[in-house]
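Participant: I am attaching a structure below and will ask some questions about it afterwards.
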2 protein chains.
Amino acid sequence: MAWELEADRPIYAQLVERIQMQIVSGYYPAGGKLPSVRELAAIAAVNPNTMQKAFAELERNGLIVTQRTNGRNVTEDTELIETVRRNLAGELLQTFFSKMKELGYTREQIRELTDKGLAQADENEPAG
Amino acid sequence: MAWELEADRPIYAQLVERIQMQIVSGYYPAGGKLPSVRELAAIAAVNPNTMQKAFAELERNGLIVTQRTNGRNVTEDTELIETVRRNLAGELLQTFFSKMKELGYTREQIRELTDKGLAQADENEPAG
DNA sequence: ATTATTGTACCATGAACATGATACAATAAT
DNA sequence: ATTATTGTATCATGTTCATGGTACAATAAT
């Protein structure tokens, strides 16, 4: 199934974020094999060149490792993965707070809204 | 002072978001006059053509009104502004939750992190 | 040995974006 | 009346991005 990609920013950047997300969330486990460039490009419905560019970027931050003629694997450095995961969560939190404050919401209002949002999630999946 | 713009997505889109933010947050009050295309382009340190493109988009959603030879004003429709504000906040909240869940965080963990984040804000500005 | 798969490197093309420059009509300011 | 300001339109140029196509070396699979 083709991945959902937004039109207002570079595809390769979105691929980087998505694959990164799949790695830190465990969809692609540490040390596990990744689909080939052509394969994943076909899955995502993008050009292999674009996927190649995304992979190249993911390699620079160490999340994936390349074996010249035998594909790519997720790094075995679980600590690195966990660090990236925490960093991403921290950025999400900071961005969320700062933008809400830009919108003029006070801390109390932010707390109300998040509580309400989490409560709604409880209604949908009460077992958690 | 030149605005901080990210390199990985269209400038005009960032201008739209920023001006939109300034309107709903009250920096540019309802009915108030906006800087001219050239003026605001100079402030943001972008090309007038780019700023013009941003304004054109803001006009399509009704937030600003154009007087052919007398500049632009923020809409006087405070209800529209408030609606946009709430929608933006709602999107921020949804995006935050869904991405945190993608990262593998449970509702309880999200609650912990947000509480901790809000508490830290309390330390920095305890009076609120 | 042969074949298939892998990452990788090009090149050409077209689209979107950003800038710089110029120009024009309408009208506010003088 | 004259000038300055406004939004707006247009053109050329350069960059980035995405696609499609082709090709090559290394090596895993057969």
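Each chain in the structure tokens gets a letter, A, B, ..., in the order shown, and its residues are numbered from 1; ligands are numbered from 1 in order too.
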As a PyMOL selection string, please: all residues of region 22-102 of chain A that backbone DSSP puts in alpha helix (DSSP H).

Facilitator: chain A and resi 22-24+37-44+48-60+78-102

Participant: Go ahead and save the residues from that selection, with N, CA and C atoms, as a short mmCIF file (atom, residue, chain, number, x, y, z; two decimals), in the first residue's frame.

Facilitator:
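Final file, selection_28.cif:
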data_model
loop_
_atom_site.label_atom_id
_atom_site.label_comp_id
_atom_site.auth_asym_id
_atom_site.auth_seq_id
_atom_site.Cartn_x
_atom_site.Cartn_y
_atom_site.Cartn_z
N GLN A 22 9.43 3.86 12.09
CA GLN A 22 9.22 2.41 12.07
C GLN A 22 10.33 1.67 12.81
N ILE A 23 11.51 2.28 12.81
CA ILE A 23 12.63 1.64 13.51
C ILE A 23 12.48 1.81 15.03
N VAL A 24 12.27 3.04 15.47
CA VAL A 24 12.21 3.27 16.92
C VAL A 24 10.95 2.66 17.54
N VAL A 37 16.22 -1.21 -1.58
CA VAL A 37 15.82 0.10 -2.09
C VAL A 37 14.64 -0.04 -3.04
N ARG A 38 14.80 -0.91 -4.03
CA ARG A 38 13.75 -1.07 -5.05
C ARG A 38 12.44 -1.58 -4.44
N GLU A 39 12.60 -2.50 -3.50
CA GLU A 39 11.44 -3.12 -2.87
C GLU A 39 10.62 -2.10 -2.08
N LEU A 40 11.32 -1.38 -1.21
CA LEU A 40 10.62 -0.42 -0.36
C LEU A 40 10.08 0.75 -1.19
N ALA A 41 10.82 1.07 -2.25
CA ALA A 41 10.34 2.13 -3.15
C ALA A 41 9.01 1.72 -3.77
N ALA A 42 8.92 0.45 -4.14
CA ALA A 42 7.69 -0.06 -4.74
C ALA A 42 6.55 -0.03 -3.72
N ILE A 43 6.86 -0.44 -2.48
CA ILE A 43 5.85 -0.43 -1.43
C ILE A 43 5.32 0.98 -1.19
N ALA A 44 6.25 1.92 -1.07
CA ALA A 44 5.86 3.29 -0.77
C ALA A 44 5.33 4.02 -2.00
N PRO A 48 12.82 4.78 -6.89
CA PRO A 48 13.96 4.20 -6.17
C PRO A 48 15.03 5.23 -5.83
N ASN A 49 15.25 6.18 -6.71
CA ASN A 49 16.23 7.22 -6.43
C ASN A 49 15.86 8.00 -5.18
N THR A 50 14.57 8.26 -5.02
CA THR A 50 14.11 9.02 -3.86
C THR A 50 14.31 8.20 -2.58
N MET A 51 13.99 6.90 -2.67
CA MET A 51 14.17 6.05 -1.50
C MET A 51 15.65 5.92 -1.16
N GLN A 52 16.47 5.84 -2.18
CA GLN A 52 17.92 5.76 -1.97
C GLN A 52 18.41 6.98 -1.18
N LYS A 53 17.87 8.13 -1.56
CA LYS A 53 18.26 9.37 -0.88
C LYS A 53 17.86 9.32 0.59
N ALA A 54 16.69 8.77 0.86
CA ALA A 54 16.22 8.66 2.24
C ALA A 54 17.12 7.72 3.03
N PHE A 55 17.44 6.58 2.45
CA PHE A 55 18.31 5.61 3.12
C PHE A 55 19.67 6.23 3.43
N ALA A 56 20.19 6.97 2.45
CA ALA A 56 21.51 7.57 2.64
C ALA A 56 21.51 8.48 3.86
N GLU A 57 20.41 9.18 4.04
CA GLU A 57 20.33 10.09 5.19
C GLU A 57 20.22 9.32 6.50
N LEU A 58 19.44 8.24 6.48
CA LEU A 58 19.27 7.44 7.69
C LEU A 58 20.58 6.79 8.09
N GLU A 59 21.46 6.58 7.11
CA GLU A 59 22.73 5.95 7.42
C GLU A 59 23.66 6.94 8.12
N ARG A 60 23.53 8.21 7.73
CA ARG A 60 24.41 9.21 8.33
C ARG A 60 24.18 9.38 9.82
N THR A 78 20.83 -0.90 20.30
CA THR A 78 19.50 -0.62 20.86
C THR A 78 19.49 0.65 21.70
N GLU A 79 20.65 0.98 22.25
CA GLU A 79 20.73 2.18 23.06
C GLU A 79 20.54 3.42 22.19
N LEU A 80 21.17 3.37 21.00
CA LEU A 80 21.01 4.49 20.07
C LEU A 80 19.54 4.65 19.68
N ILE A 81 18.93 3.52 19.38
CA ILE A 81 17.51 3.56 18.99
C ILE A 81 16.65 4.17 20.08
N GLU A 82 16.90 3.73 21.32
CA GLU A 82 16.12 4.25 22.44
C GLU A 82 16.37 5.74 22.64
N THR A 83 17.61 6.15 22.40
CA THR A 83 17.94 7.57 22.53
C THR A 83 17.17 8.39 21.49
N VAL A 84 17.19 7.89 20.26
CA VAL A 84 16.47 8.59 19.20
C VAL A 84 14.99 8.66 19.54
N ARG A 85 14.46 7.57 20.06
CA ARG A 85 13.04 7.53 20.43
C ARG A 85 12.72 8.60 21.47
N ARG A 86 13.55 8.66 22.49
CA ARG A 86 13.31 9.65 23.54
C ARG A 86 13.45 11.07 22.99
N ASN A 87 14.44 11.27 22.14
CA ASN A 87 14.63 12.60 21.57
C ASN A 87 13.43 13.03 20.74
N LEU A 88 12.91 12.10 19.94
CA LEU A 88 11.75 12.42 19.13
C LEU A 88 10.56 12.79 20.01
N ALA A 89 10.37 12.00 21.08
CA ALA A 89 9.26 12.29 21.99
C ALA A 89 9.45 13.66 22.64
N GLY A 90 10.68 13.95 23.03
CA GLY A 90 10.96 15.25 23.66
C GLY A 90 10.67 16.39 22.71
N GLU A 91 11.07 16.23 21.45
CA GLU A 91 10.80 17.28 20.47
C GLU A 91 9.30 17.46 20.26
N LEU A 92 8.59 16.34 20.19
CA LEU A 92 7.14 16.43 20.01
C LEU A 92 6.51 17.22 21.16
N LEU A 93 6.94 16.91 22.37
CA LEU A 93 6.39 17.58 23.55
C LEU A 93 6.70 19.07 23.52
N GLN A 94 7.94 19.41 23.26
CA GLN A 94 8.33 20.82 23.25
C GLN A 94 7.59 21.59 22.17
N THR A 95 7.54 21.02 20.97
CA THR A 95 6.84 21.68 19.87
C THR A 95 5.38 21.89 20.21
N PHE A 96 4.77 20.86 20.79
CA PHE A 96 3.37 20.95 21.16
C PHE A 96 3.14 22.08 22.15
N PHE A 97 3.92 22.11 23.21
CA PHE A 97 3.76 23.15 24.22
C PHE A 97 3.97 24.54 23.64
N SER A 98 5.06 24.70 22.91
CA SER A 98 5.41 26.05 22.44
C SER A 98 4.37 26.58 21.46
N LYS A 99 3.85 25.70 20.62
CA LYS A 99 2.85 26.16 19.66
C LYS A 99 1.52 26.45 20.34
N MET A 100 1.18 25.65 21.34
CA MET A 100 -0.04 25.94 22.08
C MET A 100 0.07 27.29 22.79
N LYS A 101 1.24 27.58 23.32
CA LYS A 101 1.43 28.87 23.98
C LYS A 101 1.38 30.00 22.97
N GLU A 102 1.94 29.75 21.79
CA GLU A 102 1.85 30.76 20.73
C GLU A 102 0.39 31.05 20.43
#

Participant: Produce a table with one row for each residue of chain A that has an atom at most 8 Å from any atom of chain D, each row naming the nearest atom pair and its distance in Å at one decimal; use only C-alpha atoms (C1' of nucleotides); arrange rows by chain and rising residue number; format as CSV.

Facilitator:
residue,atom,partner,partner_atom,distance
A:Pro10,CA,D:DC17,C1',6.8
A:Asn47,CA,D:DT19,C1',6.3
A:Thr50,CA,D:DA18,C1',7.1
A:Arg68,CA,D:DA26,C1',7.4
A:Thr69,CA,D:DT27,C1',5.8
A:Asn70,CA,D:DA28,C1',7.2

Participant: Residues as selected, C-alpha atoms, written as a short mmCIF file (atom, residue, chain, number, x, y, z; two decimals), in the first residue's frame, can you do that?

Facilitator:
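Written file, result.cif:
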data_model
loop_
_atom_site.label_atom_id
_atom_site.label_comp_id
_atom_site.auth_asym_id
_atom_site.auth_seq_id
_atom_site.Cartn_x
_atom_site.Cartn_y
_atom_site.Cartn_z
CA PRO A 10 10.06 16.93 0.23
CA ASN A 47 11.01 6.39 -7.22
CA THR A 50 14.11 9.02 -3.86
CA ARG A 68 27.26 -3.35 -0.19
CA THR A 69 25.66 -6.31 -1.95
CA ASN A 70 23.47 -7.80 0.73
#

Participant: Name the residues of chain A that fall into strand (DSSP E) according to DSSP on the backbone, using the chain letters and numbers of this document, as a list in words.

Facilitator: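 So, restricting chain A to strand (DSSP E), we get Lys33, Leu34, Ile64, Val65, Thr66, Arg72, Asn73 and Val74 of chain A.
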
Participant: Output N, CA and C atoms for every residue in that selection, as a short mmCIF file (atom, residue, chain, number, x, y, z; two decimals), in the first residue's frame.

Facilitator:
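What landed in part27.cif:
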data_model
loop_
_atom_site.label_atom_id
_atom_site.label_comp_id
_atom_site.auth_asym_id
_atom_site.auth_seq_id
_atom_site.Cartn_x
_atom_site.Cartn_y
_atom_site.Cartn_z
N LYS A 33 16.63 -7.14 9.08
CA LYS A 33 16.88 -6.80 7.68
C LYS A 33 15.81 -5.83 7.17
N LEU A 34 16.26 -4.86 6.39
CA LEU A 34 15.33 -3.91 5.77
C LEU A 34 15.04 -4.33 4.33
N ILE A 64 20.77 2.88 10.42
CA ILE A 64 20.82 1.69 9.57
C ILE A 64 22.24 1.47 9.06
N VAL A 65 22.52 0.22 8.74
CA VAL A 65 23.86 -0.18 8.30
C VAL A 65 23.75 -0.84 6.93
N THR A 66 24.69 -0.52 6.04
CA THR A 66 24.63 -1.03 4.68
C THR A 66 25.68 -2.09 4.42
N ARG A 72 20.38 -3.91 3.55
CA ARG A 72 20.61 -3.08 4.72
C ARG A 72 19.97 -3.69 5.95
N ASN A 73 20.55 -3.37 7.11
CA ASN A 73 19.98 -3.82 8.38
C ASN A 73 19.84 -2.64 9.32
N VAL A 74 18.87 -2.78 10.22
CA VAL A 74 18.75 -1.81 11.30
C VAL A 74 19.97 -2.00 12.21
#

Participant: For chain B, list the residues within 6 Å of chain A, counting only C-alpha atoms, and write the list as a ChimeraX atom specification.

Facilitator: /B:9,25,103-104

Participant: Please dump the current selection as a tab-separated table (two decimals), in the first residue's frame; keep C-alpha atoms.

Facilitator:
chain	number	residue	atom	x	y	z
B	9	ARG	CA	9.80	23.14	3.21
B	25	SER	CA	-2.89	34.96	18.75
B	103	LEU	CA	6.52	6.06	19.09
B	104	GLY	CA	5.08	3.43	21.37

Participant: Please, which residues of chain C lie no more than 10 Å from chain B when the count uses only C-alpha atoms (C1' of nucleotides), and can they be set out as a list in words?

Facilitator: DA16, DC17, DA18, DT19, DG20, DA25, DA26, DT27 and DA28 of chain C

Participant: Calculate how many Å separate CA of Thr75 (chain A) from CA of Ala30 (chain A), rounding to one decimal.

Facilitator: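 It comes out at 5.7 Å.
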
Participant: Go ahead and compute the interatomic distance for CA of Ala45 (chain A) and CA of Trp3 (chain A), in Å to one decimal.

Facilitator: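 The value is 7.1 Å.
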